[in-house]
There are 2 protein chains.
Amino acid sequence: MASYANQECFQSNDDLPIVLLHRLPSFNSPLKDILQPHFHLLDPADSPEPASSFLSCHAKSVRALICIYNTPLSAETLNLLPSLELIVAASAGVDHIDLEECRCRGIIMTNASTAFAEDAADHAVALLIDVCRRISTADRFVRAGLWPVKRDCSLGFKMGRKRVGIVGLGRIGFEVGKRLEAFGCSIAYNSRKKKPSVPFSYHANVLDLAEDSDALILCCSLTEQTHHIINKDVLEALGKEGVIINVGRGALIDEKVLVQFLLRGDIGGAGLDVFENEPDVPRELFELDNVVLSPHRAIFTSESLEALHELVFTNLKAFFSNKPLQSVFQIE
Amino acid sequence: MASYANQECFQSNDDLPIVLLHRLPSFNSPLKDILQPHFHLLDPADSPEPASSFLSCHAKSVRALICIYNTPLSAETLNLLPSLELIVAASAGVDHIDLEECRCRGIIMTNASTAFAEDAADHAVALLIDVCRRISTADRFVRAGLWPVKRDCSLGFKMGRKRVGIVGLGRIGFEVGKRLEAFGCSIAYNSRKKKPSVPFSYHANVLDLAEDSDALILCCSLTEQTHHIINKDVLEALGKEGVIINVGRGALIDEKVLVQFLLRGDIGGAGLDVFENEPDVPRELFELDNVVLSPHRAIFTSESLEALHELVFTNLKAFFSNKPLQSVFQIE
């Protein structure tokens, strides 16, 4: 049972710690109902006032904010919150939040990568096997009634024993590596720093990693440093049989360049959960059998949403009790 | 490099050991070209004579036969081969061969499960993740252009940490278990006998295994004992959220019953690589999002076909040199 369900609430609403809910009006998260008994929630999206005047009037003393999914959180909004100390991001990626402003102000941030790590890793592995073994293509082939007619659909290639390079070895990347080792894959990674406790081999830059890999899996955050980290040079280094998997953010890849590589057969395949201009996906990809597409859902299972709710609740409770936070995101 | 490529051949064709190639005329395996320099191959499918008279005239002294893929090999055919000692099955399953006749005659059989184990296991895991996380469904959703319109497709459920029951713990089943442990799944199995060297927990019958599992994965051979081993009772025991994966043979499952369970929502989903009447697949399944279908291709990668050719060659060489065989199938 989730811990918030165990907590009794004897306080009146006015005694509860104030938490600002920052969300696009269309994001109706169940978090609101879950947190309501335990915190005094301010929700500008529920007010008839414009958000900026709501914040100016009611949020001057707010110390903690929950950012729902990828609701943009700009420096302008942050400037209306002079007392803000904590942002609890209900997402794994935090590229929708003005990190530079947070860093300057010393605002602490937690994200949801620990809640999402296992499901995101499962999804990354699923996309890789699917591209290699043409599972979605095979499913389309059977459903189209082609098996009795053509007898054979395109042959896949072995996923096991391949050299896999993981870009970004946080919780998600680590879980991906752990899974793929069991398939006999050899695992290498690139991240800001070498991680001494990890058994995988380290490459200081992505180009070298791509040269030594049969598949690259993108699990890193999108920042200024990682924007278009997968460019023409990296794709060339990955080579004609190389596969690229992205469960991070669309703009980690120069998408136009990737589409050209795929159309020309200059890369072996791609499994993409994220795109540069979601929900728009380049239509040229729709005809390709060596591509698997999913609508930014690597983390969406009922189990991981439950884990997210638990993590958000636990972190807010910990913050207001001066206890250690979980899943703190290091702003660099 | 494959070992057959290293072998020089100084013998004339007449000095080479005779091997009978048993195949449907449509099965043009590259094995023929690979074996030709090393064995005197008899290929009835290449002769204008009817197969039975070809065998009666030319195959009386044949000691070894290669059965290509699932070419049926009946008692009638075996009766035309009085000297036969070895069947090298170029397939993992051997239900197309009259096992009772082989047992009575003391014919030794090898199959290809060691060559195919890793790819078959990868495919089984791929189907399980795909059913749980709705990968093929998501891919259809994006390709149909629905993402910008509907925003959201059906939510999957977590695959990791589930209780997985493996039916048949040969090489393929063991490889499946090894992979799924890395996803945090707990693994149990059913097979003819408990395997003391294996860390997974044993269930003496499939019904108990189904009751204790969130997913069942079928990796066993099709024999009289395993025909329709998955029936109404087992599916009921697996339950409304249970998932069934089949990379064995179609007739392991009572397919009509499974279709009814899926249509009524009495089972959570299915990933099927094999069917009772291939290439015919029940059309009712084509509309279901909790089903993933592939055209009997769990083992087909270029790498596993290469491993198959190597295994067939090695076993024939070993047989004619009185050396130990690999991947011997125990006929019981």
# chains A, B, ... in the order shown; residues from 1 in each chain; ligands from 1
call {"tool": "interface_residues", "arguments": {"of": "chain B", "to": "chain A", "cutoff": "7 Å", "atoms": "only C-alpha atoms", "output": "MDAnalysis selection string"}}
result
chainID B and resid 119 126 129:130 135:136 138:139 142:143 147:148 155:158 178:179 182:183 279:280 286 292:295 300:303
call {"tool": "residues_around", "arguments": {"residues": "region 322-330 of chain B", "least_positions_apart": "4", "cutoff": "7 Å", "atoms": "only C-alpha atoms", "output": "list in words"}}
result
Met109, Thr110, Asn111, Ala112, Ser113, Thr114, Asn315 and Ala318 of chain B
call {"tool": "select_by_dssp", "arguments": {"residues": "region 51-296 of chain B", "states": "strand (DSSP E)", "output": "JSON, numbers by chain"}}
result
{"B": [64, 65, 66, 67, 68, 86, 87, 88, 89, 90, 108, 109, 110, 163, 164, 165, 166, 167, 186, 187, 188, 189, 190, 201, 202, 215, 216, 217, 218, 243, 244, 245, 246, 269, 270, 271, 272, 291, 292, 293]}
call {"tool": "residues_around", "arguments": {"residues": "Gly248 (chain B)", "least_positions_apart": "6", "cutoff": "6 Å", "atoms": "only C-alpha atoms", "output": "ChimeraX atom specification"}}
result
/B:218-220
call {"tool": "write_last_selection", "arguments": {"atoms": "C-alpha atoms", "output": "compact mmCIF listing (two decimals), in the first residue's frame"}}
result
# COMPACT_ATOMS: atom_id res chain seq x y z
CA LEU B 218 5.99 -22.18 -23.66
CA CYS B 219 9.39 -23.51 -24.69
CA CYS B 220 8.76 -27.27 -24.70
call {"tool": "atom_distance", "arguments": {"atom1": "CA of Val164 (chain A)", "atom2": "CA of Ala204 (chain A)"}}
result
15.3 Å
call {"tool": "residues_around", "arguments": {"residues": "Glu255 (chain B)", "least_positions_apart": "4", "cutoff": "12 Å", "atoms": "only C-alpha atoms", "output": "list in words"}}
result
His227, His228, Ile229, Ile230, Asn231, Lys232, Leu235, Ile244, Asn246, Arg249, Gly250, Ala251, Val259, Gln260, Phe261, Leu262, Ala270, Leu272, Val274, Phe275, Glu276, Asn277, Glu278, Asp280, Val281, Pro282, Glu284 and Leu285 of chain B
call {"tool": "write_last_selection", "arguments": {"atoms": "N, CA, C and O atoms", "output": "mmCIF file, in the first residue's frame"}}
result
data_model
loop_
_atom_site.group_PDB
_atom_site.id
_atom_site.type_symbol
_atom_site.label_atom_id
_atom_site.label_comp_id
_atom_site.auth_asym_id
_atom_site.auth_seq_id
_atom_site.Cartn_x
_atom_site.Cartn_y
_atom_site.Cartn_z
ATOM 1 N N HIS B 227 0.635 -32.128 -26.162
ATOM 2 C CA HIS B 227 -0.424 -31.624 -27.049
ATOM 3 C C HIS B 227 -1.545 -31.000 -26.208
ATOM 4 O O HIS B 227 -2.034 -31.635 -25.274
ATOM 5 N N HIS B 228 -1.892 -29.754 -26.510
ATOM 6 C CA HIS B 228 -2.923 -29.009 -25.765
ATOM 7 C C HIS B 228 -2.645 -28.983 -24.258
ATOM 8 O O HIS B 228 -3.583 -29.038 -23.449
ATOM 9 N N ILE B 229 -1.381 -28.887 -23.906
ATOM 10 C CA ILE B 229 -1.023 -28.811 -22.481
ATOM 11 C C ILE B 229 -1.618 -27.530 -21.871
ATOM 12 O O ILE B 229 -1.911 -27.462 -20.684
ATOM 13 N N ILE B 230 -1.800 -26.513 -22.725
ATOM 14 C CA ILE B 230 -2.470 -25.286 -22.273
ATOM 15 C C ILE B 230 -3.934 -25.375 -22.694
ATOM 16 O O ILE B 230 -4.282 -25.174 -23.868
ATOM 17 N N ASN B 231 -4.766 -25.682 -21.724
ATOM 18 C CA ASN B 231 -6.195 -25.862 -21.987
ATOM 19 C C ASN B 231 -6.991 -24.873 -21.122
ATOM 20 O O ASN B 231 -6.419 -23.967 -20.507
ATOM 21 N N LYS B 232 -8.296 -25.058 -21.118
ATOM 22 C CA LYS B 232 -9.193 -24.154 -20.390
ATOM 23 C C LYS B 232 -8.794 -24.024 -18.906
ATOM 24 O O LYS B 232 -8.748 -22.916 -18.366
ATOM 25 N N LEU B 235 -5.615 -21.931 -18.497
ATOM 26 C CA LEU B 235 -5.853 -20.505 -18.770
ATOM 27 C C LEU B 235 -6.654 -19.865 -17.632
ATOM 28 O O LEU B 235 -6.388 -18.718 -17.251
ATOM 29 N N ILE B 244 0.222 -15.178 -21.921
ATOM 30 C CA ILE B 244 0.800 -16.426 -22.408
ATOM 31 C C ILE B 244 1.655 -16.160 -23.649
ATOM 32 O O ILE B 244 1.264 -15.406 -24.531
ATOM 33 N N ASN B 246 4.065 -18.137 -26.639
ATOM 34 C CA ASN B 246 4.363 -19.441 -27.230
ATOM 35 C C ASN B 246 5.422 -19.318 -28.323
ATOM 36 O O ASN B 246 5.182 -18.733 -29.367
ATOM 37 N N ARG B 249 5.411 -24.854 -30.169
ATOM 38 C CA ARG B 249 4.616 -25.269 -31.325
ATOM 39 C C ARG B 249 3.175 -24.876 -31.057
ATOM 40 O O ARG B 249 2.721 -24.867 -29.903
ATOM 41 N N GLY B 250 2.430 -24.576 -32.134
ATOM 42 C CA GLY B 250 1.063 -24.096 -31.998
ATOM 43 C C GLY B 250 0.179 -25.018 -31.175
ATOM 44 O O GLY B 250 -0.582 -24.567 -30.312
ATOM 45 N N ALA B 251 0.303 -26.339 -31.412
ATOM 46 C CA ALA B 251 -0.629 -27.280 -30.785
ATOM 47 C C ALA B 251 -0.330 -27.535 -29.306
ATOM 48 O O ALA B 251 -1.014 -28.341 -28.675
ATOM 49 N N VAL B 259 -8.424 -18.375 -28.061
ATOM 50 C CA VAL B 259 -9.083 -17.264 -28.767
ATOM 51 C C VAL B 259 -10.320 -16.808 -27.986
ATOM 52 O O VAL B 259 -10.545 -15.607 -27.810
ATOM 53 N N GLN B 260 -11.082 -17.752 -27.482
ATOM 54 C CA GLN B 260 -12.271 -17.394 -26.699
ATOM 55 C C GLN B 260 -11.894 -16.628 -25.433
ATOM 56 O O GLN B 260 -12.523 -15.623 -25.085
ATOM 57 N N PHE B 261 -10.857 -17.093 -24.753
ATOM 58 C CA PHE B 261 -10.398 -16.398 -23.538
ATOM 59 C C PHE B 261 -9.964 -14.971 -23.864
ATOM 60 O O PHE B 261 -10.259 -14.039 -23.109
ATOM 61 N N LEU B 262 -9.252 -14.805 -24.981
ATOM 62 C CA LEU B 262 -8.786 -13.465 -25.361
ATOM 63 C C LEU B 262 -9.969 -12.567 -25.725
ATOM 64 O O LEU B 262 -10.036 -11.403 -25.312
ATOM 65 N N ALA B 270 -1.521 -12.222 -25.146
ATOM 66 C CA ALA B 270 -0.773 -13.356 -25.693
ATOM 67 C C ALA B 270 0.229 -12.885 -26.725
ATOM 68 O O ALA B 270 -0.051 -11.976 -27.506
ATOM 69 N N LEU B 272 2.325 -14.728 -29.679
ATOM 70 C CA LEU B 272 2.324 -16.039 -30.339
ATOM 71 C C LEU B 272 3.209 -16.030 -31.579
ATOM 72 O O LEU B 272 2.989 -15.258 -32.510
ATOM 73 N N VAL B 274 3.794 -19.179 -32.938
ATOM 74 C CA VAL B 274 3.404 -20.441 -33.566
ATOM 75 C C VAL B 274 1.899 -20.660 -33.391
ATOM 76 O O VAL B 274 1.298 -20.165 -32.436
ATOM 77 N N PHE B 275 1.313 -21.425 -34.333
ATOM 78 C CA PHE B 275 -0.137 -21.567 -34.395
ATOM 79 C C PHE B 275 -0.487 -23.003 -34.776
ATOM 80 O O PHE B 275 0.357 -23.720 -35.332
ATOM 81 N N GLU B 276 -1.724 -23.390 -34.512
ATOM 82 C CA GLU B 276 -2.080 -24.784 -34.776
ATOM 83 C C GLU B 276 -2.123 -25.119 -36.260
ATOM 84 O O GLU B 276 -1.786 -26.233 -36.636
ATOM 85 N N ASN B 277 -2.535 -24.165 -37.095
ATOM 86 C CA ASN B 277 -2.655 -24.455 -38.537
ATOM 87 C C ASN B 277 -1.901 -23.429 -39.369
ATOM 88 O O ASN B 277 -2.486 -22.701 -40.160
ATOM 89 N N GLU B 278 -0.595 -23.361 -39.162
ATOM 90 C CA GLU B 278 0.211 -22.366 -39.880
ATOM 91 C C GLU B 278 0.146 -22.621 -41.379
ATOM 92 O O GLU B 278 0.117 -23.775 -41.791
ATOM 93 N N ASP B 280 -2.125 -20.294 -41.239
ATOM 94 C CA ASP B 280 -3.408 -19.658 -40.894
ATOM 95 C C ASP B 280 -3.424 -19.236 -39.429
ATOM 96 O O ASP B 280 -3.121 -20.033 -38.546
ATOM 97 N N VAL B 281 -3.800 -18.004 -39.208
ATOM 98 C CA VAL B 281 -3.873 -17.442 -37.863
ATOM 99 C C VAL B 281 -5.323 -17.029 -37.641
ATOM 100 O O VAL B 281 -5.923 -16.431 -38.534
ATOM 101 N N PRO B 282 -5.909 -17.363 -36.495
ATOM 102 C CA PRO B 282 -7.317 -16.977 -36.266
ATOM 103 C C PRO B 282 -7.507 -15.467 -36.451
ATOM 104 O O PRO B 282 -6.862 -14.671 -35.777
ATOM 105 N N GLU B 284 -9.770 -13.493 -35.655
ATOM 106 C CA GLU B 284 -10.306 -12.733 -34.514
ATOM 107 C C GLU B 284 -9.191 -12.039 -33.745
ATOM 108 O O GLU B 284 -9.422 -11.044 -33.054
ATOM 109 N N LEU B 285 -7.979 -12.591 -33.836
ATOM 110 C CA LEU B 285 -6.868 -12.016 -33.075
ATOM 111 C C LEU B 285 -6.366 -10.707 -33.687
ATOM 112 O O LEU B 285 -5.739 -9.902 -33.001
#
call {"tool": "residues_around", "arguments": {"residues": "region 27-39 of chain B", "least_positions_apart": "6", "cutoff": "7 Å", "atoms": "only C-alpha atoms", "output": "list in words"}}
result
Cys9, Leu16, Pro17, Ile18, Val19, His309 and Phe313 of chain B
call {"tool": "atom_distance", "arguments": {"atom1": "CA of Phe116 (chain B)", "atom2": "CA of Gly268 (chain A)"}}
result
22.8 Å
call {"tool": "atom_distance", "arguments": {"atom1": "CA of Gly239 (chain A)", "atom2": "CA of Leu258 (chain A)"}}
result
12.1 Å
call {"tool": "residues_around", "arguments": {"residues": "Ala89 (chain B)", "least_positions_apart": "3", "cutoff": "9 Å", "atoms": "only C-alpha atoms", "output": "list in words"}}
result
Leu65, Ile66, Cys67, Ile68, Tyr69, Asn70, Ala92, Gly93, Val94, Ile97, Met109, Thr110, Asn111, Ala112 and Val312 of chain B
call {"tool": "write_last_selection", "arguments": {"atoms": "C-alpha atoms", "output": "short mmCIF file (atom, residue, chain, number, x, y, z; two decimals), in the first residue's frame"}}
result
data_model
loop_
_atom_site.label_atom_id
_atom_site.label_comp_id
_atom_site.auth_asym_id
_atom_site.auth_seq_id
_atom_site.Cartn_x
_atom_site.Cartn_y
_atom_site.Cartn_z
CA LEU B 65 19.68 -38.36 -42.73
CA ILE B 66 19.27 -34.62 -42.44
CA CYS B 67 15.69 -33.49 -42.00
CA ILE B 68 15.38 -29.95 -43.34
CA TYR B 69 13.21 -27.66 -41.16
CA ASN B 70 9.81 -29.25 -40.51
CA ALA B 92 14.42 -27.13 -32.73
CA GLY B 93 11.05 -28.89 -32.59
CA VAL B 94 10.87 -32.51 -33.85
CA ILE B 97 9.24 -36.77 -37.16
CA MET B 109 18.41 -37.93 -33.17
CA THR B 110 20.03 -34.52 -32.83
CA ASN B 111 18.08 -31.30 -33.06
CA ALA B 112 19.07 -27.67 -33.44
CA VAL B 312 24.66 -29.97 -38.68
#
call {"tool": "residues_around", "arguments": {"residues": "Arg103 (chain A)", "least_positions_apart": "3", "cutoff": "8 Å", "atoms": "only C-alpha atoms", "output": "list in words"}}
result
Leu99, Glu100, Gly106, Ile107, Ile331 and Glu332 of chain A
call {"tool": "closest_residue", "arguments": {"among": "A:Asp15, A:Glu310, A:Glu236, A:Asp95", "to": "Thr223 (chain A)", "atoms": "only C-alpha atoms"}}
result
A:Asp95
